[in-house]
Number of protein chains: 2
Amino acid sequence: MKEIAEKTGVSVSSVSLVLNGRDSGRVKPEIARRVRETAERLGYKPNPLARSLRTSHTRILGFVSEEIATTPFAGGIILGAQNAANAFGYMLITVNTDGEADEAKQIAALKRYGVDGFLYAKMSNRVTDIPRELSDYPTVLVDATDRAGRAPGITPDEQAIGYDATMRLVRAGCRRIAYVGCAKPLVAQTERFAGYRHALADAGLRFDESLAVDVMYHQPAQDAVDRLIGEQRPDGVFCWNDARALYVYQAALKLDLTVGRDLSVVGVDNHRLIAETVVPELTTVELPHYEMGYWAVCKAVTLIEGRKPAANRMARTSAPLPPLDGPDQVKVHCALIEKDSVADGKR
Amino acid sequence: MKEIAEKTGVSVSSVSLVLNGRDSGRVKPEIARRVRETAERLGYKPNPLARSLRTSHTRILGFVSEEIATTPFAGGIILGAQNAANAFGYMLITVNTDGEADEAKQIAALKRYGVDGFLYAKMSNRVTDIPRELSDYPTVLVDATDRAGRAPGITPDEQAIGYDATMRLVRAGCRRIAYVGCAKPLVAQTERFAGYRHALADAGLRFDESLAVDVMYHQPAQDAVDRLIGEQRPDGVFCWNDARALYVYQAALKLDLTVGRDLSVVGVDNHRLIAETVVPELTTVELPHYEMGYWAVCKAVTLIEGRKPAANRMARTSAPLPPLDGPDQVKVHCALIEKDSVADGKR
DNA sequence: GTGAAAGCGCTAACAA
DNA sequence: TTGTTAGCGCTTTCAC
């Protein structure tokens, strides 16, 4: 900056003013132009550290989660967050926490590095308490809901997921639609199940309890699904996630049923890998991880700067994001990706 | 710091000296003690930004990769890197790049934030050129090999993977051991295949070309594996990764063969999820993602500080890490995780 | 042994 | 409209 000032023949303050775009009505346009020119010519890039020492904001966001390393879908959230951060000239520092004590330590470290705000991600739509340490900083929840309802946050619209998936099966002509759920009382479980039941009701189908089964993993899960398919012979199955859909595929395989002909399946795409590599023909509901990460950063920037960021354009999809000036707890609708695991009109 | 100086009745310079541990023979021990005491009492934490403005190093490492979001195993590397960084008092800024232009941009941004060095990760052991922008910074490759052989890097010992896995099948009594590989010319493919052949040779088994098949994904892969298992009837299969192992499971299912009885399978655990949730009984070779991330950070710190970091202890496993003062291109041995997909003595 | 003072690169009062 | 000046929190000469 000093160099620019010298070469242009002005003072550093003018340079600062111009280069920060605060020059209108304060610096003569002609001078401003020349400053910008020399800055350009010298390839000047501001030193964000020095700047933040003065302004005490860093344009750094902390991304805190305890499951980055263990869940495969964290990547989408991070990528979305990263891209949004990029778009607004922010940097993201991502930390993976391991237990509450560690979490507090990591948050403290991030604070020392001067982050302006936090994203707090909890994967698979948990209801969660925000750590005390974050209460005095702008914080946005991702794929999680603040139990206290204070912090803004974004989650998938779980009920719509269940409704849409089930309705898709209804439209395909299924009459005995089973539900393979998750045996844990997650929001994603109760809400998707509720959506499933609503759809059944709207379609004039009776809810049959023996068509709904909640499972976890491994052999017990496979056995339960084998029984469901073998004994109840549903003509459509809505699966809580793709891993569970895979159990349905395996069950069908054993019973000599073909998915997409004898049986229609829709599953939520938790682990992209399964739905892409192992059962590419599965019709899935896509969880909007990328979009949630993107929205969360936009929201955080809004909180921090006290104004809505200029560009709220998604870099990846055309999926409509919830507006930033709406309510603070938003749910985002999830897209249904058609593949041929649904037997449209073949039955 | 000023406050500490005032309360202790010394100058800030002395405080600085003491708090940075450069006080031996420069500050009276008694004074030093009192300084430390007040610092403690006041809960003093240094401001890393201010410090780095002066010292021009930040204790921040940049982690650059273009596949963080898309590959499920990036998490392990990041976690290991994170933990090591933690142990040495470093912070990690992780960026996901998208194309070469973007990569350069992101690297420039990281440089402006004053990172002291870079980790450059390429997932699945690629031979790669290090971007020019990194050439003037300490840089360590992760799961990748520098084509020019200049930068230090760490990869799994691919050949040992193939050898160990195949030998495991030999020890279980298999005589017709098949290989389901990857149809891309990756290091991981050629080396694991070489290891497989060495093991066969060492076991006195003839290499039978019709027992080795390289596939990619989806139906074509499944079909190829179906043919392999159906027509060749191997009694053991070494799979390039777990997704391919799953094809073997599906093939076995159709042929009424049971893995772990009629057929032994060992696969490399690329996508933790598959081997844990879908085929938990698969005997796997574990890729040392965590360890590689950990080592890479240790190495980077060594490079930056010109000395070996004090603690080189792994936080997670007891797996021996390559020494930091050895050669710069290291390969790490991978553990074989026993599960009952191998029919020990049942045949 | 200790402290005063300069300065890292930048911003923001305030004065001119 | 522009320049001068005083710091942000810390490290590091250099005198004492």
# chains A, B, ... in the order shown; residues from 1 in each chain; ligands from 1
call {"tool": "residues_around", "arguments": {"residues": "DA16 in chain C", "least_positions_apart": "5", "cutoff": "12 Å", "atoms": "only C-alpha atoms (C1' of nucleotides)", "output": "list of chain:residue names"}}
result
D:DT1, D:DT2, D:DG3, D:DT4
call {"tool": "select_by_dssp", "arguments": {"residues": "range 155-323 of chain A", "states": "helix (DSSP H, G or I)", "output": "PyMOL selection string"}}
result
chain A and resi 158-171+187-202+209-211+218-232+242-254+272-278+289-305
call {"tool": "interface_residues", "arguments": {"of": "chain B", "to": "chain A", "cutoff": "7 Å", "atoms": "only C-alpha atoms", "output": "list in words"}}
result
Asn47, Pro48, Leu49, Ala50, Leu53, Ile68, Ala69, Thr70, Pro72, Gly75, Gly76, Leu79, Leu92, Ile93, Thr94, Asn96, Arg112, Tyr113, Tyr217, His218, Thr277, Val278 and Pro280 of chain B
call {"tool": "interface_residues", "arguments": {"of": "chain B", "to": "chain C", "cutoff": "8 Å", "atoms": "only C-alpha atoms (C1' of nucleotides)", "output": "ChimeraX atom specification"}}
result
/B:11,13-14,26-28,53-55
call {"tool": "select_by_dssp", "arguments": {"residues": "range 111-185 of chain B", "states": "strand (DSSP E)", "output": "VMD selection string"}}
result
chain B and resid 117 to 128 139 to 146 153 to 156 177 to 182
call {"tool": "closest_atom_pairs", "arguments": {"of": "chain D", "to": "chain B", "cutoff": "12 Å", "atoms": "only C-alpha atoms (C1' of nucleotides)", "output": "tab-separated table"}}
result
residue	atom	partner	partner_atom	distance
D:DC8	C1'	B:Ala50	CA	7.9
D:DG9	C1'	B:Ala50	CA	5.0
D:DC10	C1'	B:Arg51	CA	4.9
D:DT11	C1'	B:Arg54	CA	6.1
D:DT12	C1'	B:Ser13	CA	8.7
D:DT13	C1'	B:Ser13	CA	11.2
call {"tool": "write_last_selection", "arguments": {"atoms": "N, CA and C atoms (P, O5', C5', C4', C3', O3' and C1' of nucleotides)", "output": "tab-separated table (two decimals), in the first residue's frame"}}
result
chain	number	residue	atom	x	y	z
D	8	DC	P	-4.33	-0.14	20.60
D	8	DC	O5'	-4.85	-1.42	19.79
D	8	DC	C5'	-6.10	-1.50	19.14
D	8	DC	C4'	-6.03	-2.65	18.16
D	8	DC	C3'	-5.17	-3.81	18.65
D	8	DC	O3'	-6.03	-4.80	19.23
D	8	DC	C1'	-4.70	-3.25	16.34
D	9	DG	P	-5.83	-5.22	20.74
D	9	DG	O5'	-4.62	-6.23	20.69
D	9	DG	C5'	-4.75	-7.45	19.97
D	9	DG	C4'	-3.37	-8.08	19.84
D	9	DG	C3'	-2.64	-8.24	21.17
D	9	DG	O3'	-2.21	-9.59	21.24
D	9	DG	C1'	-1.26	-7.17	19.61
D	10	DC	P	-1.30	-10.19	22.35
D	10	DC	O5'	0.11	-10.20	21.63
D	10	DC	C5'	0.34	-11.13	20.57
D	10	DC	C4'	1.50	-10.67	19.74
D	10	DC	C3'	2.88	-10.88	20.36
D	10	DC	O3'	3.36	-12.15	19.96
D	10	DC	C1'	2.69	-8.81	19.16
D	11	DT	P	4.70	-12.67	20.57
D	11	DT	O5'	5.80	-11.89	19.69
D	11	DT	C5'	5.99	-12.29	18.35
D	11	DT	C4'	7.09	-11.47	17.73
D	11	DT	C3'	8.49	-11.82	18.20
D	11	DT	O3'	9.29	-11.85	17.04
D	11	DT	C1'	8.12	-9.50	18.44
D	12	DT	P	10.69	-12.57	17.03
D	12	DT	O5'	11.67	-11.32	17.03
D	12	DT	C5'	11.45	-10.28	16.07
D	12	DT	C4'	12.36	-9.13	16.36
D	12	DT	C3'	13.70	-9.51	17.00
D	12	DT	O3'	14.70	-8.77	16.34
D	12	DT	C1'	12.65	-7.83	18.26
D	13	DT	P	16.12	-9.41	16.06
D	13	DT	O5'	17.03	-8.79	17.24
D	13	DT	C5'	18.07	-7.91	16.93
D	13	DT	C4'	17.58	-6.50	16.58
D	13	DT	C3'	18.60	-5.48	17.01
D	13	DT	O3'	18.95	-4.63	15.94
D	13	DT	C1'	16.47	-5.00	17.99
call {"tool": "closest_residue", "arguments": {"among": "B:Leu134, B:Leu228, B:Val332, B:Leu324", "to": "Glu103 in chain B", "atoms": "only C-alpha atoms"}}
result
B:Leu134
call {"tool": "atom_distance", "arguments": {"atom1": "CA of Cys174 in chain A", "atom2": "CA of Asp226 in chain A"}}
result
19.3 Å
